[in-house]
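K.L.:
Structure in structure tokens, see below.
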Amino acid sequence: MAEDLVLDTAIRDWVLIPLSVVMVLIGILRYFVSKFMNSPPSPDSKIVKEGQVVIRARNLKQAANFIPAKAFRARRVYFCNEENGLLHVPKGQVQNAQAQMFSDPNMAMDMMKKNLSMIIPQTLTFAWVNFFFSGFVAAKIPFPLTQRFRGMLQNGIDLSTVDVSYVSSRSWYFLNLFGLRGLFSLILGEENAMDDTQKMMQMGGFGMDPSRSLGAEKDSLDILQHDWALNKFEQRAEAVLRKLVE
């Protein structure tokens with residue numbers, strides 16, 4: 001049977017609260033340090049041009065039924081022509097996005113700065129928590145949990161008799177590390193409140209190939225069927241005006 005523990009108030013005052021406050025302050029400090037270290041990105045003319053072409057192709061798809069069929073076919077050929085269409089990317093010009101990314105020294109330096117601003121504070125904070133607060137039972141979850149949560153909530157405590165709802169100091173560190181986005185959104189603003197989970201996802205998803213978006217827009221524009229939405233528009237407008245006059 002799991003033991004019911006009585007937590008000392010000194011653990012709350014000297015472990016739980018200081019650990020939470022330090023994690024919040026480190027997150028805010030890391031945000032301003034990363035903002036200071038990041039240099040403003042220089043726009044690439046090729047990427048900007050490709051983005052504008054994609055926007056124009058999407059506008060054509062949305063307004064395709066409001067232009068005549070002949071004008072739509074002419075614009076589709078202009079975008080999707082296999083020889084010199086704006087959305088056509090020759091196979092020889094398709095580059096590896098990651099190789100192209102690492103070939104730019106400024107982009108590689110910015111990515112290294114972002115990695116250092118995230119990894120170094122995490123390493124130092126985890127060493128501090130592991131040295132000073134290892135082995136403490138810091139808090140208790142106010143609802144029962146299954147045994148599957150023991151490894152997540154009781155990291156650093158090797159006691160199977162302790163109830164699963166108790167949280168160790170090391171697990172409390174990880175919960176604060178990945179769960180303070182809501183608090184950061186109140187302090188820093190919604191657009192700046194990115195937690196470490198999202199940063200890791202962005203680090204794993206870098207190097208997106210811009211030619212894929214051009215190919216996707218080309219395929220969707222090729223299969224688009226024109227359906228004239230202004231058929232007998234003059235007669236319908238005349239009927240509406242007659243009803244208004246009458």
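By convention here, the chains of the structure tokens are called A, B, ... in the order presented, each chain's residues are numbered starting at 1, and ligands are numbered starting at 1 in the order presented.
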I want to know what sits within 12 Å of Asp219 of chain A, based on only C-alpha atoms, with residues of the same chain fewer than 4 positions away left out; could you give that as a ChimeraX atom specification?

P.N.:
/A:57-58,61,76,79-82,87-88,212-215,223-224

K.L.:
Residues of segment 15-149 of chain A classed as strand (DSSP E) by DSSP on the backbone are to be reported as a list in words.

P.N.:
Val137, Ala138, Ala139 and Lys140 of chain A

K.L.:
Quick one: write out the picked residues with C-alpha atoms as a PDB file, in the first residue's frame?

P.N.:
```
ATOM      1  CA  VAL A 137       9.528  15.296  -2.397  1.00  0.00           C
ATOM      2  CA  ALA A 138       8.424  18.799  -3.340  1.00  0.00           C
ATOM      3  CA  ALA A 139       4.673  18.659  -3.989  1.00  0.00           C
ATOM      4  CA  LYS A 140       1.619  16.474  -4.304  1.00  0.00           C
TER       5      LYS A 140
END
```

K.L.:
Could you jot down the atom CA of Gly135 of chain A to atom CA of Arg12 of chain A separation for me, Å, one decimal place?

P.N.:
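Pair atom CA of Gly135 of chain A / atom CA of Arg12 of chain A returns 14.1 Å.
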
K.L.:
Tell me which protein, DNA and RNA residues are within 8 Å of segment 173-176 of chain A, counting only C-alpha atoms, leaving out same-chain ones fewer than 3 positions away, and put them as a ChimeraX atom specification.

P.N.:
/A:19-20,23,126,129,169-170,179-180

K.L.:
Identify, on the basis of only C-alpha atoms, every residue whose closest approach to segment 231-236 of chain A does not exceed 12 Å; exclude the query and any residue fewer than 2 positions from it along the same chain; express the result as a list in words.

P.N.:
Asn65, Phe66, Ile67, Pro68, Ala69, Asp227, Trp228, Ala229, Glu238, Ala239, Val240, Leu241, Arg242 and Lys243 of chain A

K.L.:
Quick one: everything within 9 Å of Arg30 of chain A, counting only C-alpha atoms, minus sequence neighbours fewer than 6 positions away in the same chain. Send it as a compact mmCIF listing (two decimals) with N, CA and C atoms, in the first residue's frame.

P.N.:
```txt
# COMPACT_ATOMS: atom_id res chain seq x y z
N SER A 117 21.79 29.44 -26.54
CA SER A 117 20.92 30.14 -25.60
C SER A 117 19.89 29.23 -24.97
N MET A 118 19.63 28.08 -25.55
CA MET A 118 18.69 27.14 -24.97
C MET A 118 19.38 26.03 -24.19
N PRO A 121 21.64 27.35 -20.55
CA PRO A 121 20.85 27.55 -19.33
C PRO A 121 20.20 26.28 -18.81
```

K.L.:
Could you work out how far atom CA of Ala74 of chain A lies from atom CA of Glu217 of chain A, giving the answer in Å with one decimal?

P.N.:
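Between atom CA of Glu217 of chain A and atom CA of Ala74 of chain A the gap works out to 16.4 Å.
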
K.L.:
Could you give me, as a PyMOL selection string, the residues within 9 Å of Phe149 of chain A, counting only C-alpha atoms and dropping anything in the same chain fewer than 5 positions from it?

P.N.:
chain A and resi 154+164-165

K.L.:
Keeping N, CA and C atoms for every residue in the selection just given, could you write it to a file as a compact mmCIF listing (two decimals), in the first residue's frame?

P.N.:
```txt
# COMPACT_ATOMS: atom_id res chain seq x y z
N GLN A 154 8.23 11.15 -10.32
CA GLN A 154 9.12 10.83 -9.19
C GLN A 154 10.52 10.49 -9.69
N VAL A 164 1.86 7.74 -6.19
CA VAL A 164 2.25 8.31 -7.47
C VAL A 164 1.98 9.82 -7.52
N SER A 165 1.06 10.30 -6.74
CA SER A 165 0.69 11.72 -6.82
C SER A 165 1.75 12.65 -6.27
```

K.L.:
As an exercise, work out the distance from atom CA of Ser34 of chain A to atom CA of Lys113 of chain A in Å and give it to one decimal place.

P.N.:
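The value is 7.5 Å.
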